[in-house]
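A.B. asks: So here's coords_17.cif, just mmCIF, C-alpha atoms, pLDDT in the B column; chains and numbers go by the auth columns:
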data_data
loop_
_atom_site.group_PDB
_atom_site.id
_atom_site.type_symbol
_atom_site.label_atom_id
_atom_site.label_comp_id
_atom_site.label_asym_id
_atom_site.label_seq_id
_atom_site.Cartn_x
_atom_site.Cartn_y
_atom_site.Cartn_z
_atom_site.B_iso_or_equiv
_atom_site.auth_seq_id
_atom_site.auth_asym_id
ATOM 1 C CA MET A 1 130.995 81.570 108.579 65.00 1 A
ATOM 2 C CA VAL A 2 127.300 80.777 108.992 81.00 2 A
ATOM 3 C CA ASP A 3 126.465 77.198 109.949 89.00 3 A
ATOM 4 C CA ARG A 4 122.750 77.574 110.765 93.00 4 A
ATOM 5 C CA PHE A 5 119.687 79.531 109.693 97.00 5 A
ATOM 6 C CA GLU A 6 118.445 81.382 112.788 96.00 6 A
ATOM 7 C CA TRP A 7 114.867 82.700 113.146 97.00 7 A
ATOM 8 C CA PRO A 8 115.139 83.902 116.769 95.00 8 A
ATOM 9 C CA GLN A 9 117.823 86.125 118.270 92.00 9 A
ATOM 10 C CA TYR A 10 119.208 83.262 120.366 94.00 10 A
ATOM 11 C CA PRO A 11 121.724 81.077 118.458 92.00 11 A
ATOM 12 C CA GLY A 12 120.760 77.424 118.198 92.00 12 A
ATOM 13 C CA HIS A 13 117.258 78.007 119.588 94.00 13 A
ATOM 14 C CA GLY A 14 114.211 76.987 117.617 93.00 14 A
ATOM 15 C CA PRO A 15 113.739 75.779 114.055 96.00 15 A
ATOM 16 C CA GLY A 16 116.041 76.520 111.136 96.00 16 A
ATOM 17 C CA ALA A 17 115.835 76.656 107.351 97.00 17 A
ATOM 18 C CA GLU A 18 113.504 73.645 107.232 97.00 18 A
ATOM 19 C CA LEU A 19 110.576 76.057 107.750 97.00 19 A
ATOM 20 C CA LEU A 20 111.093 77.175 104.163 98.00 20 A
ATOM 21 C CA GLY A 21 110.808 73.686 102.698 96.00 21 A
ATOM 22 C CA GLU A 22 113.207 73.042 99.833 96.00 22 A
ATOM 23 C CA PRO A 23 113.165 76.219 97.731 98.00 23 A
ATOM 24 C CA ARG A 24 115.182 76.640 94.558 98.00 24 A
ATOM 25 C CA ARG A 25 114.731 80.408 94.614 98.00 25 A
ATOM 26 C CA ALA A 26 114.233 82.544 97.723 98.00 26 A
ATOM 27 C CA LEU A 27 113.727 86.235 98.505 98.00 27 A
ATOM 28 C CA ASP A 28 114.986 87.732 101.788 98.00 28 A
ATOM 29 C CA LEU A 29 113.128 90.908 102.797 98.00 29 A
ATOM 30 C CA GLY A 30 115.429 93.068 104.901 96.00 30 A
ATOM 31 C CA PRO A 31 118.459 90.760 105.164 97.00 31 A
ATOM 32 C CA ALA A 32 120.698 93.240 107.063 92.00 32 A
ATOM 33 C CA GLU A 33 124.130 91.551 107.126 92.00 33 A
ATOM 34 C CA GLY A 34 122.781 88.740 104.965 96.00 34 A
ATOM 35 C CA LYS A 35 123.642 85.779 107.196 96.00 35 A
ATOM 36 C CA GLU A 36 120.504 83.777 106.472 97.00 36 A
ATOM 37 C CA ALA A 37 120.685 84.542 102.748 98.00 37 A
ATOM 38 C CA ALA A 38 124.313 83.397 102.667 98.00 38 A
ATOM 39 C CA TYR A 39 123.427 80.200 104.516 98.00 39 A
ATOM 40 C CA LEU A 40 120.738 79.327 101.959 98.00 40 A
ATOM 41 C CA ALA A 41 122.961 80.212 99.006 98.00 41 A
ATOM 42 C CA ARG A 42 125.634 77.852 100.329 96.00 42 A
ATOM 43 C CA GLN A 43 122.973 75.119 100.340 96.00 43 A
ATOM 44 C CA GLY A 44 122.422 75.693 96.615 97.00 44 A
ATOM 45 C CA VAL A 45 119.433 78.050 96.816 98.00 45 A
ATOM 46 C CA GLU A 46 119.424 81.094 94.524 98.00 46 A
ATOM 47 C CA VAL A 47 118.796 83.985 96.949 98.00 47 A
ATOM 48 C CA THR A 48 118.039 87.667 96.473 98.00 48 A
ATOM 49 C CA GLY A 49 118.173 89.959 99.504 98.00 49 A
ATOM 50 C CA VAL A 50 116.400 93.336 99.332 98.00 50 A
ATOM 51 C CA ASP A 51 117.163 96.005 101.936 96.00 51 A
ATOM 52 C CA LEU A 52 116.289 99.705 102.228 92.00 52 A
ATOM 53 C CA SER A 53 119.601 100.456 103.949 91.00 53 A
ATOM 54 C CA LEU A 54 122.443 101.084 101.506 93.00 54 A
ATOM 55 C CA VAL A 55 124.902 100.651 104.382 91.00 55 A
ATOM 56 C CA GLN A 56 123.575 97.150 105.043 93.00 56 A
ATOM 57 C CA VAL A 57 123.525 96.219 101.354 96.00 57 A
ATOM 58 C CA GLU A 58 127.124 97.307 100.832 96.00 58 A
ATOM 59 C CA ARG A 59 128.211 95.498 103.976 95.00 59 A
ATOM 60 C CA ALA A 60 126.448 92.281 102.930 96.00 60 A
ATOM 61 C CA ARG A 61 127.954 92.453 99.438 97.00 61 A
ATOM 62 C CA THR A 62 131.426 92.799 100.958 97.00 62 A
ATOM 63 C CA TRP A 63 131.001 90.061 103.566 96.00 63 A
ATOM 64 C CA TRP A 64 129.553 87.484 101.175 97.00 64 A
ATOM 65 C CA ASP A 65 131.479 88.393 98.037 96.00 65 A
ATOM 66 C CA GLY A 66 132.110 85.208 96.079 93.00 66 A
ATOM 67 C CA VAL A 67 129.135 83.234 97.428 96.00 67 A
ATOM 68 C CA ARG A 68 127.454 81.836 94.321 97.00 68 A
ATOM 69 C CA GLY A 69 123.750 82.387 93.760 97.00 69 A
ATOM 70 C CA LEU A 70 123.553 85.341 96.176 98.00 70 A
ATOM 71 C CA THR A 71 122.488 88.878 95.191 98.00 71 A
ATOM 72 C CA PHE A 72 121.803 91.919 97.371 98.00 72 A
ATOM 73 C CA VAL A 73 119.597 94.745 96.091 97.00 73 A
ATOM 74 C CA HIS A 74 119.177 98.257 97.523 97.00 74 A
ATOM 75 C CA ALA A 75 115.436 98.995 97.317 96.00 75 A
ATOM 76 C CA ASP A 76 112.195 99.461 99.212 95.00 76 A
ATOM 77 C CA ILE A 77 110.670 95.985 99.530 97.00 77 A
ATOM 78 C CA CYS A 78 107.197 97.005 98.348 96.00 78 A
ATOM 79 C CA GLU A 79 108.609 98.781 95.310 97.00 79 A
ATOM 80 C CA TYR A 80 110.776 95.751 94.542 97.00 80 A
ATOM 81 C CA LEU A 81 107.895 93.298 94.947 97.00 81 A
ATOM 82 C CA ALA A 82 105.654 95.422 92.710 96.00 82 A
ATOM 83 C CA SER A 83 108.282 96.015 90.024 93.00 83 A
ATOM 84 C CA ASP A 84 108.684 92.515 88.613 83.00 84 A
ATOM 85 C CA ALA A 85 106.717 89.325 88.035 85.00 85 A
ATOM 86 C CA GLU A 86 109.533 86.882 88.853 91.00 86 A
ATOM 87 C CA LEU A 87 108.336 84.131 91.204 97.00 87 A
ATOM 88 C CA PHE A 88 110.061 82.728 94.273 98.00 88 A
ATOM 89 C CA ASP A 89 109.555 79.403 96.041 98.00 89 A
ATOM 90 C CA ALA A 90 110.080 81.074 99.412 98.00 90 A
ATOM 91 C CA ILE A 91 109.910 84.656 100.668 98.00 91 A
ATOM 92 C CA TYR A 92 111.057 85.311 104.201 98.00 92 A
ATOM 93 C CA SER A 93 112.086 87.990 106.698 98.00 93 A
ATOM 94 C CA VAL A 94 114.164 87.398 109.838 97.00 94 A
ATOM 95 C CA TRP A 95 113.592 90.326 112.194 94.00 95 A
ATOM 96 C CA GLY A 96 113.589 92.317 108.959 92.00 96 A
ATOM 97 C CA ALA A 97 111.487 94.456 106.665 93.00 97 A
ATOM 98 C CA VAL A 98 108.164 92.668 107.245 94.00 98 A
ATOM 99 C CA TRP A 99 108.305 93.956 110.828 90.00 99 A
ATOM 100 C CA PHE A 100 108.558 97.539 109.535 91.00 100 A
ATOM 101 C CA THR A 101 106.022 97.384 106.695 94.00 101 A
ATOM 102 C CA ASP A 102 102.237 97.637 106.795 95.00 102 A
ATOM 103 C CA PRO A 103 101.001 94.048 106.298 96.00 103 A
ATOM 104 C CA GLU A 104 98.011 95.325 104.321 96.00 104 A
ATOM 105 C CA GLN A 105 100.511 96.648 101.797 96.00 105 A
ATOM 106 C CA VAL A 106 103.153 93.910 101.758 97.00 106 A
ATOM 107 C CA PHE A 107 101.084 90.717 102.106 98.00 107 A
ATOM 108 C CA PRO A 108 99.276 90.994 98.737 97.00 108 A
ATOM 109 C CA LEU A 109 102.575 91.819 97.027 97.00 109 A
ATOM 110 C CA VAL A 110 104.251 88.771 98.585 98.00 110 A
ATOM 111 C CA ALA A 111 101.327 86.561 97.525 97.00 111 A
ATOM 112 C CA LYS A 112 101.771 87.664 93.891 96.00 112 A
ATOM 113 C CA ARG A 113 105.507 86.893 93.894 97.00 113 A
ATOM 114 C CA LEU A 114 105.270 83.408 95.422 97.00 114 A
ATOM 115 C CA ALA A 115 105.114 80.356 93.187 97.00 115 A
ATOM 116 C CA PRO A 116 102.091 78.064 93.695 96.00 116 A
ATOM 117 C CA GLY A 117 102.564 76.259 97.000 96.00 117 A
ATOM 118 C CA GLY A 118 105.345 78.686 97.966 97.00 118 A
ATOM 119 C CA THR A 119 106.238 79.523 101.551 98.00 119 A
ATOM 120 C CA PHE A 120 106.098 82.907 103.263 98.00 120 A
ATOM 121 C CA ALA A 121 107.737 83.058 106.686 98.00 121 A
ATOM 122 C CA PHE A 122 108.856 85.786 109.058 98.00 122 A
ATOM 123 C CA SER A 123 110.090 86.335 112.582 97.00 123 A
ATOM 124 C CA GLN A 124 110.272 89.360 114.860 95.00 124 A
ATOM 125 C CA ALA A 125 110.028 90.232 118.540 92.00 125 A
ATOM 126 C CA GLU A 126 107.012 88.888 120.361 92.00 126 A
ATOM 127 C CA PRO A 127 104.300 91.537 120.771 89.00 127 A
ATOM 128 C CA ILE A 128 104.351 93.597 123.948 80.00 128 A
ATOM 129 C CA PRO A 129 101.026 93.204 125.775 78.00 129 A
ATOM 130 C CA GLY A 130 98.784 96.181 125.086 72.00 130 A
ATOM 131 C CA SER A 131 100.959 97.472 122.224 70.00 131 A
ATOM 132 C CA HIS A 132 99.376 96.176 119.043 72.00 132 A
ATOM 133 C CA GLY A 133 99.265 97.641 115.559 68.00 133 A
ATOM 134 C CA PRO A 134 101.792 100.140 114.222 68.00 134 A
ATOM 135 C CA GLN A 135 104.215 101.250 116.944 69.00 135 A
ATOM 136 C CA PRO A 136 106.874 103.995 116.658 66.00 136 A
ATOM 137 C CA MET A 137 110.448 102.973 117.373 66.00 137 A
ATOM 138 C CA GLY A 138 113.396 105.389 117.560 60.00 138 A
ATOM 139 C CA GLY A 139 117.087 104.824 116.968 58.00 139 A
ATOM 140 C CA LYS A 140 120.151 106.047 115.122 53.00 140 A
ATOM 141 C CA TRP A 141 120.351 102.785 113.161 50.00 141 A
ATOM 142 C CA LEU A 142 123.350 102.081 110.983 49.00 142 A
ATOM 143 C CA GLU A 143 123.741 105.160 108.797 52.00 143 A
ATOM 144 C CA GLN A 144 125.771 107.127 111.396 54.00 144 A
ATOM 145 C CA ARG A 145 122.892 109.546 111.924 52.00 145 A
ATOM 146 C CA GLU A 146 123.383 112.487 114.271 61.00 146 A
ATOM 147 C CA ARG A 147 119.726 112.417 115.279 63.00 147 A
ATOM 148 C CA GLU A 148 117.396 109.549 115.987 64.00 148 A
ATOM 149 C CA LEU A 149 115.225 108.214 113.199 63.00 149 A
ATOM 150 C CA THR A 150 111.716 107.116 114.132 65.00 150 A
ATOM 151 C CA VAL A 151 110.292 104.192 112.196 73.00 151 A
ATOM 152 C CA VAL A 152 107.096 102.215 112.611 77.00 152 A
ATOM 153 C CA ARG A 153 106.993 98.508 113.348 80.00 153 A
ATOM 154 C CA TRP A 154 103.860 96.352 113.302 80.00 154 A
ATOM 155 C CA GLN A 155 103.034 94.236 116.351 91.00 155 A
ATOM 156 C CA TYR A 156 100.111 91.853 116.578 93.00 156 A
ATOM 157 C CA THR A 157 99.237 88.682 118.424 93.00 157 A
ATOM 158 C CA PRO A 158 99.802 85.432 116.518 96.00 158 A
ATOM 159 C CA GLU A 159 96.039 85.142 116.048 95.00 159 A
ATOM 160 C CA VAL A 160 95.807 88.564 114.376 94.00 160 A
ATOM 161 C CA TRP A 161 98.757 87.768 112.092 96.00 161 A
ATOM 162 C CA ALA A 162 97.018 84.530 111.095 97.00 162 A
ATOM 163 C CA ASP A 163 93.775 86.387 110.333 97.00 163 A
ATOM 164 C CA LEU A 164 95.629 88.973 108.220 96.00 164 A
ATOM 165 C CA LEU A 165 97.339 86.258 106.194 97.00 165 A
ATOM 166 C CA LYS A 166 94.098 84.352 105.683 97.00 166 A
ATOM 167 C CA ARG A 167 92.386 87.516 104.392 96.00 167 A
ATOM 168 C CA HIS A 168 95.131 87.872 101.803 96.00 168 A
ATOM 169 C CA GLY A 169 94.690 84.336 100.489 96.00 169 A
ATOM 170 C CA PHE A 170 97.385 82.435 102.376 97.00 170 A
ATOM 171 C CA THR A 171 96.762 78.902 103.627 97.00 171 A
ATOM 172 C CA ASP A 172 98.377 76.401 106.016 97.00 172 A
ATOM 173 C CA ILE A 173 99.067 79.269 108.425 98.00 173 A
ATOM 174 C CA GLN A 174 101.098 78.707 111.589 97.00 174 A
ATOM 175 C CA ALA A 175 101.701 81.633 113.942 97.00 175 A
ATOM 176 C CA SER A 176 103.033 81.412 117.483 97.00 176 A
ATOM 177 C CA VAL A 177 105.500 82.834 119.968 96.00 177 A
ATOM 178 C CA LEU A 178 108.682 80.838 120.477 96.00 178 A
ATOM 179 C CA GLU A 179 109.562 81.326 124.121 95.00 179 A
ATOM 180 C CA ALA A 180 113.087 82.477 124.924 95.00 180 A
ATOM 181 C CA PRO A 181 115.524 79.849 126.234 93.00 181 A
ATOM 182 C CA GLU A 182 115.749 81.746 129.528 92.00 182 A
ATOM 183 C CA VAL A 183 112.831 82.931 131.665 91.00 183 A
ATOM 184 C CA GLY A 184 112.247 86.656 131.485 89.00 184 A
ATOM 185 C CA ARG A 185 113.884 87.156 128.070 93.00 185 A
ATOM 186 C CA LEU A 186 112.094 88.353 124.956 92.00 186 A
ATOM 187 C CA GLY A 187 110.480 85.650 122.862 95.00 187 A
ATOM 188 C CA THR A 188 110.201 85.475 119.075 96.00 188 A
ATOM 189 C CA LEU A 189 107.049 85.709 116.998 96.00 189 A
ATOM 190 C CA LEU A 190 107.350 83.084 114.264 97.00 190 A
ATOM 191 C CA VAL A 191 104.895 82.925 111.361 98.00 191 A
ATOM 192 C CA ARG A 192 104.710 80.621 108.343 98.00 192 A
ATOM 193 C CA ALA A 193 102.102 80.371 105.588 98.00 193 A
ATOM 194 C CA ARG A 194 101.745 79.091 102.043 97.00 194 A
ATOM 195 C CA THR A 195 100.128 80.078 98.804 95.00 195 A
ATOM 196 C CA ALA A 196 97.606 77.754 97.212 86.00 196 A
ATOM 197 C CA GLY A 197 99.190 74.885 95.280 75.00 197 A
ATOM 198 C CA ALA A 198 99.186 74.488 91.497 56.00 198 A
#
Can you present the structure in this file as structure tokens?
C.D. replies:
Amino acid sequence: MVDRFEWPQYPGHGPGAELLGEPRRALDLGPAEGKEAAYLARQGVEVTGVDLSLVQVERARTWWDGVRGLTFVHADICEYLASDAELFDAIYSVWGAVWFTDPEQVFPLVAKRLAPGGTFAFSQAEPIPGSHGPQPMGGKWLEQRERELTVVRWQYTPEVWADLLKRHGFTDIQASVLEAPEVGRLGTLLVRARTAGA
């Protein structure tokens, strides 16, 4: 059961689904287990979740089987965004695929798939001082790998994220770090922007 949309990693901390406005159709980039997508679908939003991990997609389909208006797709997010012209009222990523995708590649694709006045929002770990731009990250992840897989995640200050979004035509940009509820814990980068209205 999911009773709240969580942007940070700390339950009950920070804003919820209201950051997305009142979308009729939403796209979740890298939904993992699909908790946020399931929450929105139960509020009457038609949600599509796109994840590169087949393990995650199959798990999400099993966990949320029977939730109306909810679809999970196994695909690379950039390929998915470029493959169709269907528009969404909101596109979001909660510690998901936006963190692991070059913003110069994904931001223009997101802008093309958002309806006029649509919302783009994402969260991820706050940037580590001195570690900005693409950063390698290793792990075995969820596919029961015998060896570590190294992926790249993008880390920037809120100001740099805002500049990147502005360059790609987004407006009403808000980017900041939500401090952790306890001192010394990792905070959450939280970014929201819109496309130009109709």
A.B. asks: Which of these residues is nearest to Gly34 in chain A, using all atoms listed in the file: A:Val94, A:Ala82, A:Leu109, A:Leu20?
C.D. replies: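 Of all the options, A:Val94 lies closest to Gly34 in chain A.
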A.B. asks: Going by the chain IDs and residue numbers used in this file, which residues fall under the PyMOL selection byres ((chain A and resi 10) around 10)? Write them as a list in words.
C.D. replies: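 For this structure, the PyMOL selection byres ((chain A and resi 10) around 10) captures Glu6, Trp7, Pro8, Gln9, Pro11, Gly12, His13, Gly14, Ala180, Pro181, Glu182, Leu186, Gly187 and Thr188 of chain A.
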A.B. asks: Please measure the separation of CA of Ala26 in chain A and CA of Gly197 in chain A, giving the value in Å to one decimal.
C.D. replies: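 Going from CA of Ala26 in chain A over to CA of Gly197 in chain A, I get 17.1 Å.
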A.B. asks: Between CA of Ser53 in chain A and CA of Phe107 in chain A, what is the distance, to one decimal in Å?
C.D. replies: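 Computing it gives 21.0 Å between the two atoms.
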A.B. asks: Using all atoms listed in the file, pick whichever of A:Ala196, A:Ala32, A:Ile128, A:Val110 has the shortest atom-to-atom distance to Leu54 in chain A.
C.D. replies: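 So, comparing all the options, the nearest one is A:Ala32.
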A.B. asks: Pull out every residue that the PyMOL selection byres ((chain A and resi 164) around 12) matches in the shown coordinates and put them as a VMD selection string.
C.D. replies: chain A and resid 102 to 108 133 156 to 163 165 to 171 173 175 191 193
A.B. asks: Any idea what the distance is between CA of Arg61 in chain A and CA of Asp28 in chain A?
C.D. replies: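 Interatomic distance, CA of Arg61 in chain A to CA of Asp28 in chain A: 14.0 Å.
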